[in-house]
Structures are given as structure tokens and as C-alpha cells.
Amino acid sequence: GRLYTFFAYIWRNMNYLVMYQLFLEGMITSYFFAGLQAGTFTVEGLHKIFVEWLKIPESWVGLADAHYTEDYQVPGLSKTIPKEKMTIVHTAHNVAVCLLPLQFLVILVTFPLAKHAWVNRLHPALSKVPGLSWLVSRPTTPNEFADKVMWATAQKREDEMAR
């Protein structure tokens, strides 16, 4: 009953959930990147917050792993990213990953409203922009999903009977 309904809801909304989680992770990474680059945050300060105050295991935080000693050469391009900037990006991303449980909590609380905004506001606007059609897929309602499953099952039976 209820457990099936929950998993069916998750299954029907998987694309939206994944996109929303990636959006949140990107926003958190961008926020900490900007703070680290501007000097608002320091790696030592973030380490103190996560490891000492929040008691998150140091291996999960991974701030020590984010130190680059050489400039980063982008594969296939003649672009080099300075080691300082790569260290900041990597550190900001590690912080976002460390906050994954918080991301899931935000998704749990805000997903229905965010999906409503996506489907009813952004979806129609983005579907008209060339090149962004891959971002936009028509949502499948429970009835449409059930109809597709029933149709596929009926087709399979017809094919088997025709043999």
C-alpha cells in the first residue's frame, strides 16, 4: 500500500529529483566557491565547522584532499586552470558533497513546490528554446504510466498468441 505508493511516486519523478539534486549541489558549490575566492570562508574555518562542531568524520569532508600543487591542464584543450582556483573549486565541491544529507532534506521538504514551478512555469518556456529540448520532458501522470504498462502487456500477449 503506502510503501508502494511512495516508491511509485519516486519512480515517476526520478528525472525531476535528479535534476533538482544536481541544481542544489551546483548552487552550494557555487556559493562556497564564491566565499572561498572572496576570502569570506577559509578552509581552516570550514574544517573547524564540519569536523569539530558538527562531528562529521574527516574522511567524509575531504578538505585535505583538495589541495593542488600544480596548475591543471584541461584535457583536449589548451586551457590551464591555476592551482589556486582548482583548489578552491575542489574544496567547494567537497563541502557540497559533505552537505548531501542536508540536500536530501531540502529536496524532501521543497520538491512538490519546485516540481510545480518547473512543470507549470519553466517547462513551457524552455520547450520553445532550441537546443534545450533535452532538458524538457513531458511529465507522465500515474494514469498514463498505467496505460502504457497495460498496452505493453497486451501487445506482448498478442505477440505470444500470434506465434
# chains A, B, ... in the order shown; residues from 1 in each chain; ligands from 1
call {"tool": "select_by_dssp", "arguments": {"residues": "segment 6-123 of chain A", "states": "alpha helix (DSSP H)", "output": "NGL selection string"}}
result
:A and (6-12 or 14-38 or 43-47 or 58-61 or 83-98 or 100-117 or 123)
call {"tool": "residues_around", "arguments": {"residues": "Tyr16 of chain A", "least_positions_apart": "3", "cutoff": "9 Å", "atoms": "only C-alpha atoms", "output": "number ranges by chain"}}
result
A: 12-13, 19-21, 111, 115, 118
call {"tool": "write_last_selection", "arguments": {"atoms": "all heavy atoms", "output": "PDB file, in the first residue's frame"}}
result
ATOM      1  N   ARG A  12       8.173   7.798 -10.671  1.00  0.00           N
ATOM      2  CA  ARG A  12       7.559   8.712 -11.642  1.00  0.00           C
ATOM      3  C   ARG A  12       8.284  10.041 -11.713  1.00  0.00           C
ATOM      4  O   ARG A  12       8.259  10.710 -12.742  1.00  0.00           O
ATOM      5  CB  ARG A  12       6.094   8.972 -11.279  1.00  0.00           C
ATOM      6  CG  ARG A  12       5.155   7.885 -11.657  1.00  0.00           C
ATOM      7  CD  ARG A  12       3.714   8.327 -11.541  1.00  0.00           C
ATOM      8  NE  ARG A  12       3.395   9.019 -10.305  1.00  0.00           N
ATOM      9  CZ  ARG A  12       2.989   8.428  -9.189  1.00  0.00           C
ATOM     10  NH1 ARG A  12       2.870   7.122  -9.139  1.00  0.00           N
ATOM     11  NH2 ARG A  12       2.700   9.141  -8.120  1.00  0.00           N
ATOM     12  N   ASN A  13       8.908  10.436 -10.624  1.00  0.00           N
ATOM     13  CA  ASN A  13       9.539  11.752 -10.556  1.00  0.00           C
ATOM     14  C   ASN A  13      11.059  11.692 -10.550  1.00  0.00           C
ATOM     15  O   ASN A  13      11.709  12.669 -10.205  1.00  0.00           O
ATOM     16  CB  ASN A  13       9.039  12.483  -9.302  1.00  0.00           C
ATOM     17  CG  ASN A  13       7.591  12.831  -9.415  1.00  0.00           C
ATOM     18  OD1 ASN A  13       7.211  13.661 -10.228  1.00  0.00           O
ATOM     19  ND2 ASN A  13       6.761  12.181  -8.610  1.00  0.00           N
ATOM     20  N   MET A  19      17.478  16.098 -11.363  1.00  0.00           N
ATOM     21  CA  MET A  19      17.797  17.456 -11.812  1.00  0.00           C
ATOM     22  C   MET A  19      17.804  18.435 -10.642  1.00  0.00           C
ATOM     23  O   MET A  19      18.669  19.313 -10.560  1.00  0.00           O
ATOM     24  CB  MET A  19      16.801  17.906 -12.884  1.00  0.00           C
ATOM     25  CG  MET A  19      17.046  17.243 -14.216  1.00  0.00           C
ATOM     26  SD  MET A  19      15.861  17.611 -15.514  1.00  0.00           S
ATOM     27  CE  MET A  19      15.396  19.264 -15.255  1.00  0.00           C
ATOM     28  N   TYR A  20      16.855  18.285  -9.724  1.00  0.00           N
ATOM     29  CA  TYR A  20      16.773  19.177  -8.570  1.00  0.00           C
ATOM     30  C   TYR A  20      17.985  18.994  -7.662  1.00  0.00           C
ATOM     31  O   TYR A  20      18.571  19.971  -7.188  1.00  0.00           O
ATOM     32  CB  TYR A  20      15.467  18.899  -7.823  1.00  0.00           C
ATOM     33  CG  TYR A  20      15.099  19.913  -6.776  1.00  0.00           C
ATOM     34  CD1 TYR A  20      15.368  21.267  -6.944  1.00  0.00           C
ATOM     35  CD2 TYR A  20      14.462  19.517  -5.614  1.00  0.00           C
ATOM     36  CE1 TYR A  20      15.021  22.191  -5.985  1.00  0.00           C
ATOM     37  CE2 TYR A  20      14.105  20.443  -4.645  1.00  0.00           C
ATOM     38  CZ  TYR A  20      14.388  21.777  -4.827  1.00  0.00           C
ATOM     39  OH  TYR A  20      14.038  22.682  -3.869  1.00  0.00           O
ATOM     40  N   GLN A  21      18.401  17.739  -7.449  1.00  0.00           N
ATOM     41  CA  GLN A  21      19.562  17.494  -6.606  1.00  0.00           C
ATOM     42  C   GLN A  21      20.829  18.069  -7.248  1.00  0.00           C
ATOM     43  O   GLN A  21      21.657  18.681  -6.570  1.00  0.00           O
ATOM     44  CB  GLN A  21      19.726  15.991  -6.344  1.00  0.00           C
ATOM     45  CG  GLN A  21      20.725  15.650  -5.262  1.00  0.00           C
ATOM     46  CD  GLN A  21      22.162  15.609  -5.747  1.00  0.00           C
ATOM     47  OE1 GLN A  21      22.417  15.227  -6.887  1.00  0.00           O
ATOM     48  NE2 GLN A  21      23.084  15.995  -4.896  1.00  0.00           N
ATOM     49  N   PHE A 111      10.387  19.660  -2.670  1.00  0.00           N
ATOM     50  CA  PHE A 111      10.241  19.094  -4.008  1.00  0.00           C
ATOM     51  C   PHE A 111       8.870  19.330  -4.647  1.00  0.00           C
ATOM     52  O   PHE A 111       8.809  19.717  -5.815  1.00  0.00           O
ATOM     53  CB  PHE A 111      10.566  17.600  -4.026  1.00  0.00           C
ATOM     54  CG  PHE A 111      10.377  16.987  -5.378  1.00  0.00           C
ATOM     55  CD1 PHE A 111      11.235  17.293  -6.420  1.00  0.00           C
ATOM     56  CD2 PHE A 111       9.316  16.140  -5.632  1.00  0.00           C
ATOM     57  CE1 PHE A 111      11.055  16.762  -7.676  1.00  0.00           C
ATOM     58  CE2 PHE A 111       9.125  15.608  -6.889  1.00  0.00           C
ATOM     59  CZ  PHE A 111       9.992  15.912  -7.909  1.00  0.00           C
ATOM     60  N   LYS A 115       8.721  21.144  -8.192  1.00  0.00           N
ATOM     61  CA  LYS A 115       8.229  20.441  -9.381  1.00  0.00           C
ATOM     62  C   LYS A 115       7.076  21.210 -10.009  1.00  0.00           C
ATOM     63  O   LYS A 115       6.990  21.333 -11.230  1.00  0.00           O
ATOM     64  CB  LYS A 115       7.783  19.032  -9.027  1.00  0.00           C
ATOM     65  CG  LYS A 115       7.303  18.275 -10.258  1.00  0.00           C
ATOM     66  CD  LYS A 115       6.775  16.921  -9.948  1.00  0.00           C
ATOM     67  CE  LYS A 115       6.231  16.318 -11.233  1.00  0.00           C
ATOM     68  NZ  LYS A 115       5.340  15.229 -10.996  1.00  0.00           N
ATOM     69  N   TRP A 118       8.517  24.000 -11.945  1.00  0.00           N
ATOM     70  CA  TRP A 118       9.171  23.515 -13.156  1.00  0.00           C
ATOM     71  C   TRP A 118       8.156  23.144 -14.225  1.00  0.00           C
ATOM     72  O   TRP A 118       8.246  23.583 -15.359  1.00  0.00           O
ATOM     73  CB  TRP A 118      10.055  22.316 -12.836  1.00  0.00           C
ATOM     74  CG  TRP A 118      10.628  21.662 -14.053  1.00  0.00           C
ATOM     75  CD1 TRP A 118      10.199  20.512 -14.629  1.00  0.00           C
ATOM     76  CD2 TRP A 118      11.695  22.135 -14.859  1.00  0.00           C
ATOM     77  NE1 TRP A 118      10.955  20.225 -15.740  1.00  0.00           N
ATOM     78  CE2 TRP A 118      11.873  21.219 -15.913  1.00  0.00           C
ATOM     79  CE3 TRP A 118      12.526  23.252 -14.802  1.00  0.00           C
ATOM     80  CZ2 TRP A 118      12.839  21.381 -16.892  1.00  0.00           C
ATOM     81  CZ3 TRP A 118      13.484  23.407 -15.773  1.00  0.00           C
ATOM     82  CH2 TRP A 118      13.643  22.478 -16.798  1.00  0.00           C
TER      83      TRP A 118
END
call {"tool": "residues_around", "arguments": {"residues": "Gln103 of chain A", "least_positions_apart": "5", "cutoff": "9 Å", "atoms": "only C-alpha atoms", "output": "list in words"}}
result
Gln21, Leu24, Glu25, Ala96 and Leu108 of chain A
call {"tool": "write_last_selection", "arguments": {"atoms": "C-alpha atoms", "output": "PDB file, in the first residue's frame"}}
result
ATOM      1  CA  GLN A  21      19.562  17.494  -6.606  1.00  0.00           C
ATOM      2  CA  LEU A  24      21.136  22.176  -5.364  1.00  0.00           C
ATOM      3  CA  GLU A  25      24.643  20.711  -5.417  1.00  0.00           C
ATOM      4  CA  ALA A  96      28.645  20.409  -1.225  1.00  0.00           C
ATOM      5  CA  LEU A 108      12.083  16.236   0.753  1.00  0.00           C
TER       6      LEU A 108
END
call {"tool": "atom_distance", "arguments": {"atom1": "atom CA of Gly62 of chain A", "atom2": "atom CA of Val43 of chain A"}}
result
10.8 Å
call {"tool": "residues_around", "arguments": {"residues": "Phe41 of chain A", "least_positions_apart": "6", "cutoff": "9 Å", "atoms": "only C-alpha atoms", "output": "list in words"}}
result
Phe32, Ala34 and Gly35 of chain A
call {"tool": "write_last_selection", "arguments": {"atoms": "N, CA and C atoms", "output": "compact mmCIF listing (two decimals), in the first residue's frame"}}
result
# COMPACT_ATOMS: atom_id res chain seq x y z
N PHE A 32 29.96 28.27 -2.00
CA PHE A 32 31.21 28.11 -1.26
C PHE A 32 32.42 28.50 -2.12
N ALA A 34 32.43 30.98 -4.31
CA ALA A 34 32.48 32.45 -4.24
C ALA A 34 33.00 32.90 -2.88
N GLY A 35 32.55 32.24 -1.81
CA GLY A 35 33.01 32.61 -0.47
C GLY A 35 34.48 32.35 -0.25
call {"tool": "atom_distance", "arguments": {"atom1": "atom CA of Thr110 of chain A", "atom2": "atom CA of Ser30 of chain A"}}
result
20.2 Å
call {"tool": "closest_residue", "arguments": {"among": "A:Val95, A:Ala8, A:Met27, A:Leu105", "to": "Asp65 of chain A", "atoms": "only C-alpha atoms"}}
result
A:Val95
call {"tool": "residues_around", "arguments": {"residues": "Val61 of chain A", "least_positions_apart": "6", "cutoff": "10 Å", "atoms": "only C-alpha atoms", "output": "MDAnalysis selection string"}}
result
chainID A and resid 46:47 50:51 91 94:99
call {"tool": "closest_residue", "arguments": {"among": "A:Thr153, A:Thr87, A:Pro75, A:Ala162", "to": "Thr42 of chain A", "atoms": "only C-alpha atoms"}}
result
A:Thr87
call {"tool": "closest_residue", "arguments": {"among": "A:Leu17, A:Ile49, A:Ala64, A:Ile88", "to": "Val106 of chain A", "atoms": "only C-alpha atoms"}}
result
A:Leu17
